[in-house]
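What follows is one structure encoded as C-alpha cells, with my remarks underneath.
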2 protein chains.
Amino acid sequence: MAAEMNGAESLVRTLLAGGVNVCFTNPGTSEMHFVAALDKVPGMRCVLGLFEGVVTGAADGYYRMLRRPASTLLHLGPGLANGLANLHNAKKAHSGIVNIVGEHATYHIAYDAPLTADIEGVAAPMSHWVKTSPDSRTIAGDGALAIEAARQTPGQIATLILPADTAWGAADGIAETAPPRPPAKVSKDAVRAAAAMLRGKERSTLLMGGDALRQPCLELAGRIAAKTGCTILTEGANTRLERGAGRVQVERIPYVVEKALGVMRAAGNLVLVGAREPVAFFAYPDKPSLLMPEGAKSTKLAGIDEDIEAALEALATELDAIGTAPAGVAAPRRPAIPSGEITPAAIASILGAMLPENAIVVDESVTTGREFFPETAGAPPHDWINNRGGSIGYGMPVAIGAAIACPDRKVIALEGDGSAMYTVQSLWTMAREGLDITTLIFANGTYNILRGELTNVGVRNPGPRAVDMLSIGRPDLDWVSLARGMGVEASRAKTCDQLVKALGAGLLSEGPYLIEVAL
Amino acid sequence: MAAEMNGAESLVRTLLAGGVNVCFTNPGTSEMHFVAALDKVPGMRCVLGLFEGVVTGAADGYYRMLRRPASTLLHLGPGLANGLANLHNAKKAHSGIVNIVGEHATYHIAYDAPLTADIEGVAAPMSHWVKTSPDSRTIAGDGALAIEAARQTPGQIATLILPADTAWGAADGIAETAPPRPPAKVSKDAVRAAAAMLRGKERSTLLMGGDALRQPCLELAGRIAAKTGCTILTEGANTRLERGAGRVQVERIPYVVEKALGVMRAAGNLVLVGAREPVAFFAYPDKPSLLMPEGAKSTKLAGIDEDIEAALEALATELDAIGTAPAGVAAPRRPAIPSGEITPAAIASILGAMLPENAIVVDESVTTGREFFPETAGAPPHDWINNRGGSIGYGMPVAIGAAIACPDRKVIALEGDGSAMYTVQSLWTMAREGLDITTLIFANGTYNILRGELTNVGVRNPGPRAVDMLSIGRPDLDWVSLARGMGVEASRAKTCDQLVKALGAGLLSEGPYLIEVAL
C-alpha cells in the first residue's frame with residue numbers, strides 16, 4: 001500500500017488522521033493530483049467555492065463553531081491572493097486553518113510560466129506558519145506540522161505550499177500529528193491582581209474576548225459581577241458570543257468613537273479576559289486611538305493563548321464568588337412584531353421576535369445592525385458571530401462554514417448590500433450544499449458607513465463625485481435576481497409584514513433562502 | 001492655495017499633472033480624505049467597482065489600450081489583497097498601474113486595530129515598486145515617483161501606501177513627474193545575429209510579443225518574412241494583438257503541450273522579438289517545461305524593455321526587406337453563419353462573421369475559444385487581448401478598462417462561465433458607466449479545462465468527488481438573472497440562430513449586454 005502512495009495521497013491521509021476532514025476548495029491544474037487523492041481516499045468532505053474568498057471564509061466559520069481546522073485547497077499565488085482578505089479576518093478571529101496551496105513542479109518554477117508568483121510572499125502577511133514542502137516524501141510530515149500549527153490555542157493560519165511534483169512523486173505513508181498542547185494556566189499573581197482591582201473602590205469591568213464568550217466563562221463572569229458589582233463588556237466584534245435567554249448578558253463596546261468613549265468612561269478600570277485594551281477601528285483627526293479614558297487602569301487576567309476558563313474559575317474562587325448566582329442573566333423576552341415601514345429598529349424587533357433557538361447569527365449588518373443587540377438579548381439561546389478583521393465580505397462565507405460545521409442549527413446571515421457583494425459567489429455554494437442558511441440583505445444602496453466616516457474625518461458637504469463613490473445604487477442591485485441566478489430561493493421585503501412573512505419562509509426552509517430587505 | 005492644500009489633494013493634483021486622470025476605486029474609511037480631494041479637484045474620472053479585482057483588472061485593460069497608467073484606490077491590506085490576482089495578471093502583461101492604498105494613520109498602526117496588516121508585504125509579490133509615504137509633505141513627491149515607475153517601458157505596478165494622516169496633514173503643493181525615458185535601442189550585434197539566423201539554411205521563425213504585436217511592427221515582420229521565408233508566431237497569450245483583414249496574420253503557440261511542441265518543431269530556430277523562449281503553462285509528469293525542440297536555437301533581437309519597432313526596422317534594413325511587400329497579410333473574409341447546435345466551431349464562425357470593425361476582443365474563453373483564431377482572421381481590423389498571467393477572472397475587468405480607454409470602440413468580452421464568476425461584480429460597473437461591452441458567457445457548467453488537466457497529469461477515470469469539484473453545474477448558474485441583478489440587459493442563446501440574434505442586439509446596443517451561450 002505505502003509503496004503505491006504518492007505525495008498527495010499521503011497528505012490527504014495525514015489530514016484525515018489529524019482530524020481535518022473538510023476541504024473547502026477551488027482547485028486548478030497544479031492541484032489535480034490532490035483532487036485525485038481526495039477522490040481515492042474516503043472521508044474528506046469537499047465543498048467547492050467559485051471564488052477563493054468563499055473558501056477561506058468558510059474555513060473561518062467552520063473553526064469558530066467546532067474549534068477544529070478545516071483545510072482549504074487553493075490554486076497557486078493568485079488563488080491564495082483571492083483568499084487573503086478572509087484569511088485576514090480569520091487570523092484576527094484566531095481561527096485555525098490549514099491552507100493547501102498548489103505550486104508549479106519545483107523544476108518548473110525557474111521558467112517563470114504565467115502563473116508563477118512568490119507564493120510564500122503572498123502567504124506571509126496573513127499566515128502564522130508557511131512552508132513549501134520540498135519533496136513527496138516530506139509532504140506528509142509537513143502536513144502534520146501544519147495541522148499542529150493550526151490547531152494550537154489560539155488557532156493559527158497555516159499555509160502549506162504543495163509543488164506539483166511533491167504531489168505526484170512517491171511517498172512513504174501517513175505522518176502522525178502531535179496532540180494539541182493544552183493552553184497555559186495563568187499565574188496566581190494575575191488572578192490576585194484582577195481580584196484586587198475588582199475588590200477596589202473604583203468602578204471596574206471585566207472586558208471579555210475569545211473563549212471567555214462561551215457559556216461556562218460567561219457564567220463565571222456573572223458570578224463575579226454579582227459578587228463584586230463589576231460590569232461585563234465585550235470588544236466591539238467577537239469571534240463567537242453565546243447569548244440569549246438564560247445566559248449572562250453582555251454589552252459590546254460601540255463602533256463609533258464618541259459612544260465607545262462614553263461606555264469606557266462608565267466602565268472604569270478593566271480586567272482583561274481574552275481581550276486587549278480597546279482601540280478605535282480607525283484613526284480620525286483629533287480623536288484618540290486607544291479608548292482608555294484618562295486615569296483608567298487595566299490588568300490582564302488571561303490572554304487568548306491561555307486557559308481562560310481556569311483563570312475565571314480561579315478568580316471566582318479567589319473572590320469567593322463560585323457559589324454566587326450570576327448577575328445579568330437575560331430573561332426570556334420576545335419583542336412585539338412591528339408593522340409598517342422597515343427601519344433598523346423594526347428589523348431588530350423582528351429578529352428578536354423570530355430568532356429560533358440555537359440559531360447561529362453571522363452579523364455583517366454594518367450600519368443597519370448597530371442596535372440589534374438589545375432587542376435580541378431575550379431571544380432563545382443563540383450564537384452571535386462578528387467580523388474580527390474588518391475586511392467586508394466575510395459574512396456569507398463564514399455562514400457557509402458554520403452551516404457545514406453545525407448541520408442541525410439554523411444559520412442566519414445578516415448582510416449589508418455593499419459587504420455581501422465582495423463574496424456574492426457564496427450563494428452558489430449555499431445552493432449546491434443545500435445549506436440551512438437564511439440571508440438577510442440590508443439593501444440601502446450605499447456604503448452607508450462611509451457616509452458617516454466622511455463626516456468623521458472632517459469632510460463637510462461632500463460633492464457629487466464623493467457621494468457617487470459611496471453609493472452603490474445606479475443601478476440598484478436586484479438581490480432576488482442575483483440569488484436566483486445562483487440557485488437560491490429569494491424574496492423581497494418592503495414592509496415589516498413582508499419581512500415577517502419572508503423570514504418565516506426562510507426559517508421554515510431547510511435550505512438556503514435570501515431576503516432582500518429594502519431600506 | 002498651496003497653504004491650504006492637504007496631502008491627499010497634493011497627491012490628486014500630482015496624479016493629474018502626471019497624466020493619470022482615471023481612478024478605478026473601492027474606497028474605505030482610511031481613504032476618505034483622498035475621496036474628498038477627488039471631489040474637490042476636477043479632472044479625475046472616478047470609476048467605482050464593488051470588488052477590488054474589478055478595479056485592478058480595469059486598470060490593466062486601460063493601460064493595454066492607452067499605454068497610460070490609471071490609478072486605483074484600495075482600502076488597506078485586505079482591499080489590496082482582493083486586487084492582487086488581477087495585479088498579477090497586469091504585471092505579467094507589463095501594464096503600468098499606480099495603486100493608491102490607504103493605510104491607518106501612522107500613529108494608529110501600533111495599536112493593531114482590526115484592519116491592520118502588513119500592506120507592504122501584501123503589495124510586494126505583485127508590485128515592481130512599493131513605498132509607504134511617511135508624511136503629508138512627501139506624498140506628492142512619492143506620487144510622482146510612483147507615476148514614473150508605472151509608465152516606464154515596459155509598464156510596471158507601482159504601489160503607493162497612503163497613511164490617513166499623510167492624507168489629511170498639510171502639503172506644499174504639486175510634485176513634477178519626470179518624462180518617461182525612451183526605451184533602449186538594441187545593439188547592432190543583436191540585429192546582425194538575428195539577420196544571420198534568418199538568412200541561414202535552417203528553418204526560422206520570428207517569435208513576437210509585447211509591442212511587437214502592434215501594426216507597424218507586424219508589418220515590418222511581414223516584410224522580413226516575405227524576404228527570408230521565415231514564419232511569424234506569437235506567444236500563447238498576448239497583451240494586445242492587432243489583427244484582422246489587411247494586417248499581417250500571426251499564429252499563437254497552442255496551450256496544449258503536445259500541440260505546442262508540434263508547432264515549435266515546425267518553427268525551427270527562433271528570433272525573439274519582445275518574447276521569450278516558449279514555456280509550458282504548467283508542468284506535467286514526463287513532459288518538458290521548455291518548449292524548445294532538440295537542436296533548436298534562439299537569438300534575442302529585442303526584449304520588452306527595448307525599442308522593438310526600431311529593432312525590427314534595423315533588421316528589415318539589414319535584410320534589405322524594408323521595401324518588400326509584407327507576407328501573410330490577411331485577406332478580408334467573413335465566414336458563413338452556421339445554424340443549429342452551438343459548438344465552439346460555430347461560435348468561431350459567428351464571431352468571424354459579425355465582429356465589427358475596430359472591436360476590442362477580450363478573450364477569456366478558455367477551452368471554448370481555442371479555435372477562434374482561424375475563423376476571425378479575416379474579420380475587419382480589431383484588437384485581441386489575452387490573459388498573460390493565467391489567473392482567471394481577468395476578462396470582464398479588463399473589458400471595463402478597455403471600454404473606459406476607448407469609448408468609441410465596441411468591446412467584446414469572451415468569458416468561460418467558471419472564469420467570469422471570480423469577478424462577476426464587473427457587470428455592475430459596466431451598467432453604472434454605461435460601457436459599450438458585449439459579454440458572451442460560454443456556459444458549459446464545468447471547469448472544463450481541469451477535466452483535460454486531470455487526464456494530462458495522469459489521472460484516469462476520475463471518481464465522483466473529483467468530477468464534482470470540477471463541475472460548476474448543480475445548480476446551474478443563470479447568467480441572465482445574474483446580469484439583470486446588476487442592471488445589465490441579457491439574453492440566453494441555445495441555438496446558433498439565437499446567438500446571432502443576441503449578438504446582433506449586443507452589437508447594436510451602446511451599453512452593456514450579456515449573452516449566456518448554452519453549450
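Residue names in the C-alpha cells use chain letters A, B, ... in the order shown, residue numbers from 1 in each chain, and ligand numbers from 1 in the order shown.
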
- [ ] Using only C-alpha atoms, determine which residues lie at most 9 Å from stretch 406-417 of chain A, disregarding the query and same-chain residues fewer than 6 positions distant; provide the list as a PyMOL selection string.
- [x] chain A and resi 62+65-66+355-369+393+395-396+398-400+435-447+472+477+479+507+510+516

TODO: Please identify all polymer residues within 12 Å of A:Glu309, counting only C-alpha atoms, omitting same-chain residues fewer than 5 positions from it, and present them as a ChimeraX atom specification.
DONE: /A:183-186,208-221,273-274,301-304,314-316

Open item on the list: If I take atom CA of A:Leu160 and atom CA of B:Gly77, how far is one from the other in Å, to one decimal?
Closed with: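 That distance, rounded to one decimal, is 21.6 Å.
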
TODO: Any chance you could list, as an NGL selection string, the residues in stretch 281-509 of chain A that come up strand (DSSP E) when DSSP is run on the backbone?
DONE: :A and (298-302 or 360-364 or 382-385 or 411-416 or 437-443 or 489-493)

Open item on the list: Just want the 9 Å neighbourhood of A:Leu351, counted on only C-alpha atoms, with same-chain residues fewer than 2 positions away dropped. Output as a PyMOL selection string.
Closed with: chain A and resi 335+346-349+353-355+372+375-376+379+503

Open item on the list: Just to confirm, what's the straight-line distance from atom CA of B:Cys23 to atom CA of B:Arg45 in Å (one decimal)?
Closed with: 6.1 Å

Open item on the list: Just to confirm, what's the straight-line distance from atom CA of B:Val467 to atom CA of A:Ala17 in Å (one decimal)?
Closed with: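 Interatomic distance here is 24.3 Å.
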
Task: Filtered DSSP result for stretch 224-421 of chain A, state alpha helix (DSSP H), as a ChimeraX atom specification - done: /A:224-228,257-267,308-318,344-354,372-376,395-405,417-421

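Residues with any atom within 9 Å of B:Thr299, counting only C-alpha atoms and excluding same-chain neighbours fewer than 5 positions away, are Ala190, Ala193, Ala194, Met197, Asn269, Leu270, Val271 and Leu272 of chain B.
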
Can I get the selected residues back with all heavy atoms, as a short mmCIF file (atom, residue, chain, number, x, y, z; two decimals), in the first residue's frame?
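Ended up saving to part-v4.cif:
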```cif
data_model
loop_
_atom_site.label_atom_id
_atom_site.label_comp_id
_atom_site.auth_asym_id
_atom_site.auth_seq_id
_atom_site.Cartn_x
_atom_site.Cartn_y
_atom_site.Cartn_z
N ALA B 190 22.91 42.40 -31.97
CA ALA B 190 21.65 41.68 -31.87
C ALA B 190 20.96 41.62 -33.23
O ALA B 190 20.41 40.59 -33.64
CB ALA B 190 20.74 42.35 -30.84
N ALA B 193 22.93 39.21 -35.51
CA ALA B 193 22.72 37.80 -35.15
C ALA B 193 21.35 37.33 -35.63
O ALA B 193 21.21 36.21 -36.14
CB ALA B 193 22.84 37.63 -33.63
N ALA B 194 20.36 38.20 -35.49
CA ALA B 194 19.02 37.84 -35.96
C ALA B 194 19.02 37.67 -37.48
O ALA B 194 18.45 36.71 -38.02
CB ALA B 194 18.02 38.91 -35.53
N MET B 197 20.60 34.43 -38.49
CA MET B 197 19.73 33.27 -38.29
C MET B 197 18.67 33.19 -39.39
O MET B 197 18.40 32.11 -39.93
CB MET B 197 19.07 33.33 -36.91
CG MET B 197 18.21 32.11 -36.61
SD MET B 197 17.49 32.19 -34.94
CE MET B 197 18.82 31.49 -33.97
N ASN B 269 14.48 27.49 -35.69
CA ASN B 269 15.18 28.43 -34.83
C ASN B 269 14.35 29.69 -34.60
O ASN B 269 13.56 30.07 -35.46
CB ASN B 269 16.53 28.81 -35.43
CG ASN B 269 17.46 27.61 -35.50
OD1 ASN B 269 17.44 26.76 -34.61
ND2 ASN B 269 18.25 27.53 -36.57
N LEU B 270 14.56 30.33 -33.46
CA LEU B 270 13.71 31.46 -33.09
C LEU B 270 14.49 32.77 -32.99
O LEU B 270 15.52 32.83 -32.33
CB LEU B 270 13.06 31.20 -31.73
CG LEU B 270 12.16 29.98 -31.59
CD1 LEU B 270 11.57 29.93 -30.18
CD2 LEU B 270 11.03 30.01 -32.63
N VAL B 271 13.95 33.79 -33.62
CA VAL B 271 14.39 35.16 -33.36
C VAL B 271 13.37 35.76 -32.39
O VAL B 271 12.19 35.88 -32.73
CB VAL B 271 14.46 36.00 -34.65
CG1 VAL B 271 14.78 37.45 -34.32
CG2 VAL B 271 15.50 35.41 -35.59
N LEU B 272 13.82 36.10 -31.19
CA LEU B 272 12.90 36.57 -30.14
C LEU B 272 12.74 38.08 -30.23
O LEU B 272 13.71 38.83 -30.13
CB LEU B 272 13.44 36.17 -28.78
CG LEU B 272 13.69 34.65 -28.58
CD1 LEU B 272 14.43 34.39 -27.27
CD2 LEU B 272 12.39 33.87 -28.64
#
```

Task: Selection near A:Cys496, 12 Å with only C-alpha atoms, sequence-local residues under 2 positions removed, as number ranges by chain - done: A: 336-351, 492-494, 498-503, 517-519

Any chance you could export the current selection's N, CA, C and O atoms as an mmCIF file, in the first residue's frame?
```cif
data_model
loop_
_atom_site.group_PDB
_atom_site.id
_atom_site.type_symbol
_atom_site.label_atom_id
_atom_site.label_comp_id
_atom_site.auth_asym_id
_atom_site.auth_seq_id
_atom_site.Cartn_x
_atom_site.Cartn_y
_atom_site.Cartn_z
ATOM 1 N N ALA A 336 -42.498 42.735 20.612
ATOM 2 C CA ALA A 336 -43.692 42.776 19.759
ATOM 3 C C ALA A 336 -43.247 42.979 18.305
ATOM 4 O O ALA A 336 -42.269 43.677 18.045
ATOM 5 N N ILE A 337 -43.958 42.351 17.402
ATOM 6 C CA ILE A 337 -43.619 42.479 15.980
ATOM 7 C C ILE A 337 -44.186 43.784 15.444
ATOM 8 O O ILE A 337 -45.388 44.028 15.535
ATOM 9 N N PRO A 338 -43.322 44.640 14.905
ATOM 10 C CA PRO A 338 -43.807 45.926 14.389
ATOM 11 C C PRO A 338 -44.429 45.758 13.000
ATOM 12 O O PRO A 338 -44.265 44.719 12.361
ATOM 13 N N SER A 339 -45.131 46.771 12.572
ATOM 14 C CA SER A 339 -45.612 46.760 11.184
ATOM 15 C C SER A 339 -45.221 48.089 10.549
ATOM 16 O O SER A 339 -44.593 48.937 11.181
ATOM 17 N N GLY A 340 -45.587 48.232 9.300
ATOM 18 C CA GLY A 340 -45.270 49.482 8.607
ATOM 19 C C GLY A 340 -43.903 49.453 7.959
ATOM 20 O O GLY A 340 -43.411 48.403 7.543
ATOM 21 N N GLU A 341 -43.288 50.621 7.937
ATOM 22 C CA GLU A 341 -42.020 50.812 7.247
ATOM 23 C C GLU A 341 -40.895 50.012 7.907
ATOM 24 O O GLU A 341 -40.857 49.874 9.125
ATOM 25 N N ILE A 342 -39.973 49.522 7.089
ATOM 26 C CA ILE A 342 -38.815 48.802 7.635
ATOM 27 C C ILE A 342 -37.750 49.803 8.041
ATOM 28 O O ILE A 342 -37.299 50.613 7.231
ATOM 29 N N THR A 343 -37.378 49.754 9.314
ATOM 30 C CA THR A 343 -36.284 50.573 9.837
ATOM 31 C C THR A 343 -35.314 49.634 10.552
ATOM 32 O O THR A 343 -35.678 48.491 10.850
ATOM 33 N N PRO A 344 -34.093 50.091 10.828
ATOM 34 C CA PRO A 344 -33.189 49.237 11.607
ATOM 35 C C PRO A 344 -33.815 48.789 12.928
ATOM 36 O O PRO A 344 -33.667 47.627 13.314
ATOM 37 N N ALA A 345 -34.540 49.667 13.598
ATOM 38 C CA ALA A 345 -35.173 49.300 14.870
ATOM 39 C C ALA A 345 -36.238 48.224 14.654
ATOM 40 O O ALA A 345 -36.364 47.282 15.457
ATOM 41 N N ALA A 346 -36.999 48.343 13.570
ATOM 42 C CA ALA A 346 -38.030 47.338 13.287
ATOM 43 C C ALA A 346 -37.400 45.986 12.987
ATOM 44 O O ALA A 346 -37.878 44.935 13.434
ATOM 45 N N ILE A 347 -36.292 46.012 12.243
ATOM 46 C CA ILE A 347 -35.596 44.748 11.947
ATOM 47 C C ILE A 347 -35.134 44.099 13.251
ATOM 48 O O ILE A 347 -35.268 42.882 13.443
ATOM 49 N N ALA A 348 -34.602 44.914 14.153
ATOM 50 C CA ALA A 348 -34.145 44.389 15.443
ATOM 51 C C ALA A 348 -35.287 43.685 16.170
ATOM 52 O O ALA A 348 -35.115 42.578 16.712
ATOM 53 N N SER A 349 -36.453 44.320 16.195
ATOM 54 C CA SER A 349 -37.600 43.711 16.888
ATOM 55 C C SER A 349 -38.032 42.419 16.211
ATOM 56 O O SER A 349 -38.342 41.422 16.876
ATOM 57 N N ILE A 350 -38.053 42.421 14.901
ATOM 58 C CA ILE A 350 -38.474 41.215 14.169
ATOM 59 C C ILE A 350 -37.489 40.079 14.419
ATOM 60 O O ILE A 350 -37.880 38.926 14.643
ATOM 61 N N LEU A 351 -36.189 40.400 14.400
ATOM 62 C CA LEU A 351 -35.193 39.368 14.712
ATOM 63 C C LEU A 351 -35.392 38.836 16.124
ATOM 64 O O LEU A 351 -35.378 37.622 16.356
ATOM 65 N N ARG A 492 -38.338 39.607 -1.754
ATOM 66 C CA ARG A 492 -38.020 40.994 -1.393
ATOM 67 C C ARG A 492 -39.049 41.481 -0.374
ATOM 68 O O ARG A 492 -40.233 41.214 -0.518
ATOM 69 N N ALA A 493 -38.575 42.182 0.657
ATOM 70 C CA ALA A 493 -39.475 42.712 1.677
ATOM 71 C C ALA A 493 -39.353 44.222 1.709
ATOM 72 O O ALA A 493 -38.265 44.764 1.904
ATOM 73 N N LYS A 494 -40.493 44.879 1.488
ATOM 74 C CA LYS A 494 -40.505 46.343 1.515
ATOM 75 C C LYS A 494 -41.256 46.890 2.723
ATOM 76 O O LYS A 494 -41.243 48.085 2.972
ATOM 77 N N GLN A 498 -44.091 42.114 5.157
ATOM 78 C CA GLN A 498 -43.429 41.277 4.153
ATOM 79 C C GLN A 498 -42.150 40.645 4.712
ATOM 80 O O GLN A 498 -41.822 39.496 4.402
ATOM 81 N N LEU A 499 -41.460 41.387 5.552
ATOM 82 C CA LEU A 499 -40.234 40.840 6.143
ATOM 83 C C LEU A 499 -40.557 39.678 7.076
ATOM 84 O O LEU A 499 -39.867 38.648 7.063
ATOM 85 N N VAL A 500 -41.622 39.838 7.876
ATOM 86 C CA VAL A 500 -42.021 38.766 8.791
ATOM 87 C C VAL A 500 -42.390 37.514 8.004
ATOM 88 O O VAL A 500 -41.977 36.393 8.335
ATOM 89 N N LYS A 501 -43.103 37.709 6.924
ATOM 90 C CA LYS A 501 -43.525 36.581 6.100
ATOM 91 C C LYS A 501 -42.307 35.908 5.444
ATOM 92 O O LYS A 501 -42.168 34.673 5.437
ATOM 93 N N ALA A 502 -41.436 36.734 4.905
ATOM 94 C CA ALA A 502 -40.254 36.186 4.229
ATOM 95 C C ALA A 502 -39.332 35.485 5.219
ATOM 96 O O ALA A 502 -38.816 34.398 4.943
ATOM 97 N N LEU A 503 -39.149 36.077 6.383
ATOM 98 C CA LEU A 503 -38.279 35.453 7.384
ATOM 99 C C LEU A 503 -38.890 34.137 7.858
ATOM 100 O O LEU A 503 -38.172 33.146 8.061
ATOM 101 N N VAL A 517 -33.972 43.040 2.004
ATOM 102 C CA VAL A 517 -34.699 43.920 2.907
ATOM 103 C C VAL A 517 -34.500 45.353 2.407
ATOM 104 O O VAL A 517 -33.419 45.926 2.540
ATOM 105 N N ALA A 518 -35.556 45.903 1.814
ATOM 106 C CA ALA A 518 -35.439 47.236 1.214
ATOM 107 C C ALA A 518 -35.444 48.298 2.302
ATOM 108 O O ALA A 518 -36.372 48.384 3.105
ATOM 109 N N LEU A 519 -34.416 49.089 2.351
ATOM 110 C CA LEU A 519 -34.314 50.151 3.374
ATOM 111 C C LEU A 519 -34.374 51.526 2.718
ATOM 112 O O LEU A 519 -33.940 51.705 1.591
#
```

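Residue nearest chain A within the list B:Ala296, B:Met264, B:Ala330, B:Met421: B:Met421 [criterion: smallest interatomic distance, only C-alpha atoms].
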